[in-house]
file upload-v3.pdb (PDB, C-alpha atoms (C1' of nucleotides))
MODEL        1
ATOM      1  CA  MET A 676    -202.571  41.740-237.614
ATOM      2  CA  THR A 677    -199.241  40.837-236.336
ATOM      3  CA  THR A 678    -198.808  43.078-233.392
ATOM      4  CA  GLU A 679    -195.124  42.972-234.042
ATOM      5  CA  ALA A 680    -193.042  43.203-237.147
ATOM      6  CA  ALA A 681    -192.155  39.617-237.646
ATOM      7  CA  ASN A 682    -188.531  39.468-236.824
ATOM      8  CA  SER A 683    -188.160  35.855-237.700
ATOM      9  CA  SER A 684    -188.171  33.590-234.705
ATOM     10  CA  THR A 685    -189.257  36.381-232.400
ATOM     11  CA  ARG A 686    -192.218  34.317-231.385
ATOM     12  CA  VAL A 687    -191.400  33.473-227.842
ATOM     13  CA  LEU A 688    -193.082  30.866-225.734
ATOM     14  CA  PRO A 689    -193.625  31.139-221.984
ATOM     15  CA  HIS A 690    -191.448  28.837-219.903
ATOM     16  CA  PRO A 691    -191.526  28.407-216.143
ATOM     17  CA  GLU A 692    -188.520  29.677-214.235
ATOM     18  CA  PRO A 693    -186.603  26.971-212.397
ATOM     19  CA  SER A 694    -188.058  28.309-209.157
ATOM     20  CA  GLU A 695    -191.524  27.773-210.553
ATOM     21  CA  ILE A 696    -191.022  24.147-211.546
ATOM     22  CA  ARG A 697    -192.962  21.753-209.345
ATOM     23  CA  LEU A 698    -192.057  18.139-208.812
ATOM     24  CA  GLU A 699    -195.690  17.074-208.938
ATOM     25  CA  ALA A 700    -196.140  18.734-212.316
ATOM     26  CA  VAL A 701    -192.985  17.098-213.658
ATOM     27  CA  LEU A 702    -194.095  13.674-212.492
ATOM     28  CA  HIS A 703    -197.528  14.226-213.953
ATOM     29  CA  ALA A 704    -196.058  15.316-217.267
ATOM     30  CA  LEU A 705    -193.928  12.182-217.366
ATOM     31  CA  SER A 706    -196.792   9.882-216.390
ATOM     32  CA  ASP A 707    -198.333   9.980-219.850
ATOM     33  CA  PRO A 708    -197.016   7.280-222.205
ATOM     34  CA  LEU A 709    -196.802   9.589-225.204
ATOM     35  CA  ARG A 710    -195.026  12.313-223.307
ATOM     36  CA  LEU A 711    -192.650   9.872-221.668
ATOM     37  CA  GLN A 712    -191.803   8.531-225.097
ATOM     38  CA  VAL A 713    -191.111  12.034-226.360
ATOM     39  CA  VAL A 714    -188.833  12.717-223.406
ATOM     40  CA  ARG A 715    -186.987   9.461-223.979
ATOM     41  CA  GLU A 716    -186.352  10.344-227.604
ATOM     42  CA  LEU A 717    -185.201  13.821-226.694
ATOM     43  CA  ALA A 718    -182.810  12.377-224.125
ATOM     44  CA  ALA A 719    -181.552   9.738-226.513
ATOM     45  CA  ASP A 720    -180.874  12.255-229.259
ATOM     46  CA  GLY A 721    -179.558  15.050-227.105
ATOM     47  CA  HIS A 722    -180.186  17.693-229.740
ATOM     48  CA  GLU A 723    -183.076  19.854-230.748
ATOM     49  CA  LEU A 724    -185.871  17.922-232.350
ATOM     50  CA  SER A 725    -188.840  19.402-234.133
ATOM     51  CA  CYS A 726    -192.353  18.496-233.106
ATOM     52  CA  SER A 727    -192.927  16.909-236.486
ATOM     53  CA  HIS A 728    -189.960  14.630-236.003
ATOM     54  CA  PHE A 729    -192.033  12.582-233.605
ATOM     55  CA  ASP A 730    -194.417  10.110-235.111
ATOM     56  CA  LEU A 731    -197.132  10.076-232.510
ATOM     57  CA  PRO A 732    -200.378   8.171-233.021
ATOM     58  CA  VAL A 733    -202.477  11.294-232.451
ATOM     59  CA  THR A 734    -203.448  14.338-234.452
ATOM     60  CA  LYS A 735    -201.461  17.546-234.701
ATOM     61  CA  SER A 736    -203.746  19.261-232.229
ATOM     62  CA  THR A 737    -203.126  16.627-229.610
ATOM     63  CA  THR A 738    -199.411  16.696-230.295
ATOM     64  CA  THR A 739    -199.368  20.425-229.677
ATOM     65  CA  HIS A 740    -201.217  19.813-226.429
ATOM     66  CA  HIS A 741    -198.700  17.258-225.145
ATOM     67  CA  PHE A 742    -195.708  19.413-225.974
ATOM     68  CA  ARG A 743    -197.314  22.297-224.149
ATOM     69  CA  VAL A 744    -197.834  20.170-221.065
ATOM     70  CA  LEU A 745    -194.165  19.236-221.116
ATOM     71  CA  ARG A 746    -193.121  22.837-221.588
ATOM     72  CA  GLU A 747    -195.375  24.232-218.874
ATOM     73  CA  ALA A 748    -194.159  21.594-216.437
ATOM     74  CA  GLY A 749    -190.596  22.720-217.127
ATOM     75  CA  VAL A 750    -189.492  19.459-218.691
ATOM     76  CA  ILE A 751    -188.654  20.796-222.146
ATOM     77  CA  ARG A 752    -187.724  24.089-223.736
ATOM     78  CA  GLN A 753    -189.302  25.069-227.029
ATOM     79  CA  ILE A 754    -187.903  27.450-229.596
ATOM     80  CA  TYR A 755    -189.254  28.485-232.951
ATOM     81  CA  ARG A 756    -186.895  28.086-235.868
ATOM     82  CA  GLY A 757    -188.589  29.107-239.039
ATOM     83  CA  THR A 758    -191.710  27.056-239.489
ATOM     84  CA  ALA A 759    -190.427  24.396-237.147
ATOM     85  CA  LYS A 760    -190.651  24.363-233.400
ATOM     86  CA  MET A 761    -187.646  22.770-231.788
ATOM     87  CA  ASN A 762    -187.701  20.910-228.505
ATOM     88  CA  VAL A 763    -184.930  20.269-226.006
ATOM     89  CA  LEU A 764    -184.876  18.678-222.599
ATOM     90  CA  ARG A 765    -184.238  21.070-219.734
ATOM     91  CA  GLY A 766    -181.734  18.639-218.351
ATOM     92  CA  ASP A 767    -179.626  21.280-216.629
ATOM     93  CA  ASP A 768    -182.503  22.960-214.840
ATOM     94  CA  LEU A 769    -184.024  19.660-213.789
ATOM     95  CA  GLY A 770    -180.636  18.378-212.706
ATOM     96  CA  ASP A 771    -180.163  21.402-210.489
ATOM     97  CA  LEU A 772    -183.612  21.193-208.975
ATOM     98  CA  PHE A 773    -183.958  17.445-208.640
ATOM     99  CA  PRO A 774    -180.553  15.762-208.956
ATOM    100  CA  GLY A 775    -180.745  12.322-210.473
ATOM    101  CA  LEU A 776    -184.479  12.383-210.980
ATOM    102  CA  LEU A 777    -184.571  12.623-214.744
ATOM    103  CA  ASP A 778    -181.829  10.043-215.107
ATOM    104  CA  SER A 779    -183.576   7.494-212.953
ATOM    105  CA  VAL A 780    -186.866   8.035-214.711
ATOM    106  CA  LEU A 781    -185.165   7.559-218.062
ATOM    107  CA  ALA A 782    -183.353   4.477-216.784
ATOM    108  CA  ALA A 783    -186.619   3.135-215.431
ATOM    109  CA  ALA A 784    -188.340   3.739-218.756
ATOM    110  CA  ALA A 785    -185.553   1.986-220.638
ATOM    111  CA  ARG A 786    -185.674  -0.906-218.223
ATOM    112  CA  GLN A 787    -189.410  -1.263-218.555
ATOM    113  CA  ALA A 788    -189.223  -1.024-222.331
ATOM    114  CA  ALA A 789    -186.680  -3.830-222.348
ATOM    115  CA  ARG A 790    -188.745  -5.878-219.945
ATOM    116  CA  LEU A 791    -191.892  -5.475-221.998
ATOM    117  CA  GLY A 792    -190.106  -6.425-225.157
ATOM    118  CA  THR A 793    -188.342  -3.888-227.335
ATOM    119  CA  GLY A 794    -189.835  -0.561-226.619
TER
ATOM    120  CA  MET B1078    -204.631 -11.531-178.386
ATOM    121  CA  THR B1079    -201.832 -12.972-180.326
ATOM    122  CA  THR B1080    -200.333  -9.582-181.214
ATOM    123  CA  GLU B1081    -197.658 -11.376-183.206
ATOM    124  CA  ALA B1082    -197.984 -11.827-186.892
ATOM    125  CA  ALA B1083    -200.870 -13.814-188.313
ATOM    126  CA  ASN B1084    -203.509 -11.265-187.660
ATOM    127  CA  SER B1085    -204.033 -10.468-191.271
ATOM    128  CA  SER B1086    -207.403 -12.082-191.375
ATOM    129  CA  THR B1087    -209.865 -12.975-194.041
ATOM    130  CA  ARG B1088    -209.869  -9.758-195.974
ATOM    131  CA  VAL B1089    -207.200  -9.746-198.632
ATOM    132  CA  LEU B1090    -206.462  -6.909-200.990
ATOM    133  CA  PRO B1091    -205.355  -7.283-204.596
ATOM    134  CA  HIS B1092    -201.822  -6.130-205.306
ATOM    135  CA  PRO B1093    -200.112  -5.991-208.684
ATOM    136  CA  GLU B1094    -197.271  -8.432-209.233
ATOM    137  CA  PRO B1095    -193.913  -6.781-209.817
ATOM    138  CA  SER B1096    -194.236  -7.738-213.479
ATOM    139  CA  GLU B1097    -197.501  -5.860-213.628
ATOM    140  CA  ILE B1098    -196.195  -2.616-212.182
ATOM    141  CA  ARG B1099    -196.003   0.141-214.795
ATOM    142  CA  LEU B1100    -193.721   3.125-214.572
ATOM    143  CA  GLU B1101    -196.413   5.449-215.880
ATOM    144  CA  ALA B1102    -198.798   4.357-213.149
ATOM    145  CA  VAL B1103    -196.147   4.825-210.486
ATOM    146  CA  LEU B1104    -195.338   8.322-211.715
ATOM    147  CA  HIS B1105    -199.003   9.181-211.879
ATOM    148  CA  ALA B1106    -199.560   7.915-208.349
ATOM    149  CA  LEU B1107    -196.682  10.047-207.109
ATOM    150  CA  SER B1108    -197.813  13.140-208.989
ATOM    151  CA  ASP B1109    -200.572  13.917-206.510
ATOM    152  CA  PRO B1110    -199.481  16.113-203.585
ATOM    153  CA  LEU B1111    -201.405  14.135-200.990
ATOM    154  CA  ARG B1112    -200.160  10.804-202.212
ATOM    155  CA  LEU B1113    -196.601  12.051-202.462
ATOM    156  CA  GLN B1114    -196.846  13.242-198.885
ATOM    157  CA  VAL B1115    -198.091   9.824-197.778
ATOM    158  CA  VAL B1116    -195.205   8.127-199.548
ATOM    159  CA  ARG B1117    -192.738  10.511-197.957
ATOM    160  CA  GLU B1118    -194.061   9.734-194.495
ATOM    161  CA  LEU B1119    -193.997   6.024-195.163
ATOM    162  CA  ALA B1120    -190.417   6.270-196.340
ATOM    163  CA  ALA B1121    -189.411   8.420-193.384
ATOM    164  CA  ASP B1122    -190.934   6.038-190.883
ATOM    165  CA  GLY B1123    -189.973   2.791-192.534
ATOM    166  CA  HIS B1124    -192.575   0.778-190.660
ATOM    167  CA  GLU B1125    -196.187  -0.088-191.189
ATOM    168  CA  LEU B1126    -198.480   2.866-190.725
ATOM    169  CA  SER B1127    -202.239   2.710-190.519
ATOM    170  CA  CYS B1128    -204.375   4.800-192.835
ATOM    171  CA  SER B1129    -205.703   6.717-189.873
ATOM    172  CA  HIS B1130    -202.195   7.661-188.827
ATOM    173  CA  PHE B1131    -202.105  10.160-191.638
ATOM    174  CA  ASP B1132    -203.774  13.465-191.041
ATOM    175  CA  LEU B1133    -204.906  14.324-194.527
ATOM    176  CA  PRO B1134    -207.086  17.356-195.233
ATOM    177  CA  VAL B1135    -209.725  15.229-196.929
ATOM    178  CA  THR B1136    -212.525  12.931-195.844
ATOM    179  CA  LYS B1137    -212.187   9.221-195.123
ATOM    180  CA  SER B1138    -213.673   8.365-198.503
ATOM    181  CA  THR B1139    -211.051  10.356-200.312
ATOM    182  CA  THR B1140    -208.318   8.917-198.140
ATOM    183  CA  THR B1141    -209.435   5.410-199.088
ATOM    184  CA  HIS B1142    -209.327   6.431-202.726
ATOM    185  CA  HIS B1143    -205.762   7.745-202.560
ATOM    186  CA  PHE B1144    -204.446   4.680-200.760
ATOM    187  CA  ARG B1145    -206.078   2.483-203.359
ATOM    188  CA  VAL B1146    -204.385   4.402-206.154
ATOM    189  CA  LEU B1147    -201.039   3.894-204.467
ATOM    190  CA  ARG B1148    -201.690   0.197-203.927
ATOM    191  CA  GLU B1149    -202.944  -0.445-207.454
ATOM    192  CA  ALA B1150    -199.923   1.333-208.896
ATOM    193  CA  GLY B1151    -197.676  -0.976-206.881
ATOM    194  CA  VAL B1152    -196.228   1.766-204.696
ATOM    195  CA  ILE B1153    -197.499   0.486-201.361
ATOM    196  CA  ARG B1154    -198.606  -2.795-199.848
ATOM    197  CA  GLN B1155    -201.699  -2.862-197.661
ATOM    198  CA  ILE B1156    -202.536  -5.411-195.003
ATOM    199  CA  TYR B1157    -205.492  -5.596-192.677
ATOM    200  CA  ARG B1158    -204.648  -5.913-189.009
ATOM    201  CA  GLY B1159    -207.812  -5.975-187.009
ATOM    202  CA  THR B1160    -209.769  -2.871-187.722
ATOM    203  CA  ALA B1161    -206.714  -1.094-188.997
ATOM    204  CA  LYS B1162    -205.276  -1.240-192.480
ATOM    205  CA  MET B1163    -201.527  -1.018-192.450
ATOM    206  CA  ASN B1164    -199.486   0.508-195.241
ATOM    207  CA  VAL B1165    -195.894  -0.050-196.196
ATOM    208  CA  LEU B1166    -193.805   1.074-199.139
ATOM    209  CA  ARG B1167    -192.922  -1.590-201.690
ATOM    210  CA  GLY B1168    -189.381  -0.358-201.649
ATOM    211  CA  ASP B1169    -187.858  -3.724-202.545
ATOM    212  CA  ASP B1170    -190.091  -4.357-205.527
ATOM    213  CA  LEU B1171    -189.707  -0.827-206.820
ATOM    214  CA  GLY B1172    -185.969  -0.952-206.240
ATOM    215  CA  ASP B1173    -185.740  -4.115-208.309
ATOM    216  CA  LEU B1174    -187.885  -2.770-211.108
ATOM    217  CA  PHE B1175    -186.671   0.817-211.215
ATOM    218  CA  PRO B1176    -183.367   1.142-209.349
ATOM    219  CA  GLY B1177    -182.909   4.517-207.751
ATOM    220  CA  LEU B1178    -186.241   5.888-208.906
ATOM    221  CA  LEU B1179    -187.996   6.004-205.566
ATOM    222  CA  ASP B1180    -184.933   7.411-203.845
ATOM    223  CA  SER B1181    -184.531  10.242-206.306
ATOM    224  CA  VAL B1182    -188.224  11.099-206.153
ATOM    225  CA  LEU B1183    -188.051  11.191-202.371
ATOM    226  CA  ALA B1184    -184.897  13.279-202.498
ATOM    227  CA  ALA B1185    -186.541  15.626-204.986
ATOM    228  CA  ALA B1186    -189.590  15.950-202.772
ATOM    229  CA  ALA B1187    -187.451  16.723-199.748
ATOM    230  CA  ARG B1188    -185.474  19.254-201.726
ATOM    231  CA  GLN B1189    -188.582  20.989-202.994
ATOM    232  CA  ALA B1190    -190.112  20.990-199.514
ATOM    233  CA  ALA B1191    -187.007  22.681-198.191
ATOM    234  CA  ARG B1192    -186.946  25.108-201.085
ATOM    235  CA  LEU B1193    -190.569  26.080-200.579
ATOM    236  CA  GLY B1194    -190.071  26.482-196.864
ATOM    237  CA  THR B1195    -192.382  23.866-195.516
ATOM    238  CA  GLY B1196    -191.521  24.373-191.902
TER
ATOM    239  C1'  DA C1193    -224.813  -7.980-176.862
ATOM    240  C1'  DC C1194    -223.575  -3.477-177.543
ATOM    241  C1'  DC C1195    -220.876   0.330-178.954
ATOM    242  C1'  DG C1196    -217.057   2.650-180.958
ATOM    243  C1'  DT C1197    -213.386   2.829-184.305
ATOM    244  C1'  DA C1198    -211.433   1.913-188.964
ATOM    245  C1'  DG C1199    -212.344   1.583-193.320
ATOM    246  C1'  DT C1200    -215.532   0.409-197.727
ATOM    247  C1'  DA C1201    -219.082   0.953-201.288
ATOM    248  C1'  DC C1202    -221.845   3.662-203.908
ATOM    249  C1'  DG C1203    -223.642   7.561-206.092
ATOM    250  C1'  DA C1204    -223.166  12.386-207.215
ATOM    251  C1'  DT C1205    -220.611  16.402-208.581
ATOM    252  C1'  DG C1206    -217.529  19.354-210.561
ATOM    253  C1'  DC C1207    -212.890  19.811-212.417
ATOM    254  C1'  DT C1208    -209.241  18.342-215.381
ATOM    255  C1'  DT C1209    -207.514  16.110-219.366
ATOM    256  C1'  DA C1210    -207.019  13.639-223.840
ATOM    257  C1'  DT C1211    -208.817  13.688-228.042
ATOM    258  C1'  DC C1212    -210.579  15.384-232.316
ATOM    259  C1'  DG C1213    -211.852  18.610-236.389
ATOM    260  C1'  DT C1214    -211.740  22.751-238.583
ATOM    261  C1'  DA C1215    -210.159  27.148-239.384
ATOM    262  C1'  DC C1216    -206.286  30.030-239.094
ATOM    263  C1'  DG C1217    -201.259  32.189-238.657
ATOM    264  C1'  DA C1218    -196.299  32.127-239.553
ATOM    265  C1'  DG C1219    -192.620  31.018-242.451
ATOM    266  C1'  DT C1220    -190.267  29.106-246.767
ATOM    267  C1'  DC C1221    -189.726  28.504-251.525
ATOM    268  C1'  DG C1222    -190.917  28.604-256.382
TER
ATOM    269  C1'  DC D1326    -198.010  36.449-255.209
ATOM    270  C1'  DG D1327    -199.440  31.662-254.334
ATOM    271  C1'  DA D1328    -198.811  27.166-252.673
ATOM    272  C1'  DC D1329    -197.168  24.399-249.281
ATOM    273  C1'  DT D1330    -195.686  22.934-244.553
ATOM    274  C1'  DC D1331    -195.619  23.355-239.629
ATOM    275  C1'  DG D1332    -197.856  24.406-235.900
ATOM    276  C1'  DT D1333    -201.804  27.180-233.097
ATOM    277  C1'  DA D1334    -206.437  28.437-231.454
ATOM    278  C1'  DC D1335    -210.872  27.378-230.493
ATOM    279  C1'  DG D1336    -214.790  24.660-229.669
ATOM    280  C1'  DA D1337    -216.674  20.243-228.735
ATOM    281  C1'  DT D1338    -216.703  15.801-226.575
ATOM    282  C1'  DA D1339    -215.824  12.138-223.798
ATOM    283  C1'  DA D1340    -213.285  10.067-220.260
ATOM    284  C1'  DG D1341    -210.925  10.324-215.970
ATOM    285  C1'  DC D1342    -210.264  11.825-211.370
ATOM    286  C1'  DA D1343    -210.563  14.191-206.725
ATOM    287  C1'  DT D1344    -213.868  15.147-203.731
ATOM    288  C1'  DC D1345    -217.819  14.619-200.853
ATOM    289  C1'  DG D1346    -221.843  12.462-198.027
ATOM    290  C1'  DT D1347    -224.332   8.731-196.529
ATOM    291  C1'  DA D1348    -225.051   4.113-195.628
ATOM    292  C1'  DC D1349    -222.718   0.066-194.702
ATOM    293  C1'  DT D1350    -219.297  -3.828-193.033
ATOM    294  C1'  DA D1351    -215.521  -5.653-190.062
ATOM    295  C1'  DC D1352    -213.273  -5.920-185.904
ATOM    296  C1'  DG D1353    -212.204  -5.309-181.008
ATOM    297  C1'  DG D1354    -213.227  -4.088-176.402
ATOM    298  C1'  DT D1355    -216.366  -3.618-172.508
TER
ENDMDL
END
call {"tool": "encode", "arguments": {"input": "upload-v3.pdb", "output": "structure tokens"}}
result
Amino acid sequence: MTTEAANSSTRVLPHPEPSEIRLEAVLHALSDPLRLQVVRELAADGHELSCSHFDLPVTKSTTTHHFRVLREAGVIRQIYRGTAKMNVLRGDDLGDLFPGLLDSVLAAAARQAARLGTG
Amino acid sequence: MTTEAANSSTRVLPHPEPSEIRLEAVLHALSDPLRLQVVRELAADGHELSCSHFDLPVTKSTTTHHFRVLREAGVIRQIYRGTAKMNVLRGDDLGDLFPGLLDSVLAAAARQAARLGTG
DNA sequence: ACCGTAGTACGATGCTTATCGTACGAGTCG
DNA sequence: CGACTCGTACGATAAGCATCGTACTACGGT
């Protein structure tokens, strides 16, 4: 049973507070190719993107797993909107905690993608 | 004798070419607390430091393992000098490949260390 | 030649992670 | 309601990784 009368989009996901975000966890989250790709797309778009928007070469289960890793590391924020689950970069929080870090990682990823031939 | 250069004898260690260095591997190498600490000390010192200079809370075997991960990711360069194995950051190579990345990671690490009250 | 120091190699172990499949829940729309 | 879509939960599996201990090599000094 739903423990709570389903007030649409009242499903809330746990996110780490800025004070709980660890650099090591952020770096680890970004060290996976799939997750780094997701972060790049989120940064490039700048808006909320649903999980299903991403065309990852893994199953839905694995996709859920990767998004959770990103969320629990504090890299993204996830919000339910209807049946969809929207994802946004926590650019502000990360910028406050680690100024310039996200930008240089994204720049590095873009640079490597260009170097390796259209990524 | 000698003491000058040219003491890097027979034993040579494999290092990735700059073109072989992958961002994901670098981020993964830096995502371990011990390895990040090593990199911070190397950056702070700026000179060659032997493996035994670092006082890591793990055995020699594990220390060897962590230095190898850093070397194979392209983060450090290792050279034998007598019985010692010297380590130095590949700051130039990383700076060419991923401008600003290493600096912002180091800054982030310093910031987090201060925030967590490292003493 | 010997010994001590620095580091390696190898095998084992236990933990973490990436992956999948299937069954299920939550929400939308006809 | 019923069907459909999006995503979750759980269990299983396989690979990776951090760690250790012991046995070993390489080098330098005495």
call {"tool": "interface_residues", "arguments": {"input": "upload-v3.pdb", "of": "chain A", "to": "chain D", "cutoff": "10 Å", "atoms": "only C-alpha atoms (C1' of nucleotides)", "output": "list in words"}}
result
Ser725, Cys726, Ser727, Lys735, Ser736, Thr738, Thr739, His740, Tyr755, Gly757, Thr758, Ala759 and Lys760 of chain A
call {"tool": "atom_distance", "arguments": {"input": "upload-v3.pdb", "atom1": "CA of Leu1166 in chain B", "atom2": "CA of Leu769 in chain A"}}
result
25.6 Å
call {"tool": "resolve_selection", "arguments": {"input": "upload-v3.pdb", "expression": "the PyMOL selection byres ((chain C and resi 1210-1216) around 7)", "output": "PyMOL selection string"}}
result
(chain A and resi 737) or (chain C and resi 1209+1217)
call {"tool": "calpha_fit_rmsd", "arguments": {"input": "upload-v3.pdb", "fixed": "chain B", "moving": "chain A"}}
result
4.4 Å
call {"tool": "interface_residues", "arguments": {"input": "upload-v3.pdb", "of": "chain B", "to": "chain A", "cutoff": "8 Å", "atoms": "all atoms listed in the file", "output": "PyMOL selection string"}}
result
chain B and resi 1099-1105+1107-1110+1174-1178+1181-1182+1184-1186+1188-1189
call {"tool": "closest_residue", "arguments": {"input": "upload-v3.pdb", "among": "A:Arg765, A:Pro732, A:Val714, A:Gln753", "to": "chain C", "atoms": "only C-alpha atoms (C1' of nucleotides)"}}
result
A:Pro732
call {"tool": "resolve_selection", "arguments": {"input": "upload-v3.pdb", "expression": "the PyMOL selection byres ((chain C) within 12 of (chain B))", "output": "list in words"}}
result
DG1196, DT1197, DA1198, DG1199, DT1200, DA1201 and DC1202 of chain C
call {"tool": "atom_distance", "arguments": {"input": "upload-v3.pdb", "atom1": "CA of Glu716 in chain A", "atom2": "CA of Phe742 in chain A"}}
result
13.1 Å
call {"tool": "atom_distance", "arguments": {"input": "upload-v3.pdb", "atom1": "C1' of DG1203 in chain C", "atom2": "CA of Val1146 in chain B"}}
result
19.5 Å
call {"tool": "resolve_selection", "arguments": {"input": "upload-v3.pdb", "expression": "the PyMOL selection byres ((chain A and resi 762) around 6)", "output": "MDAnalysis selection string"}}
result
chainID A and resid 723:725 752:753 761 763
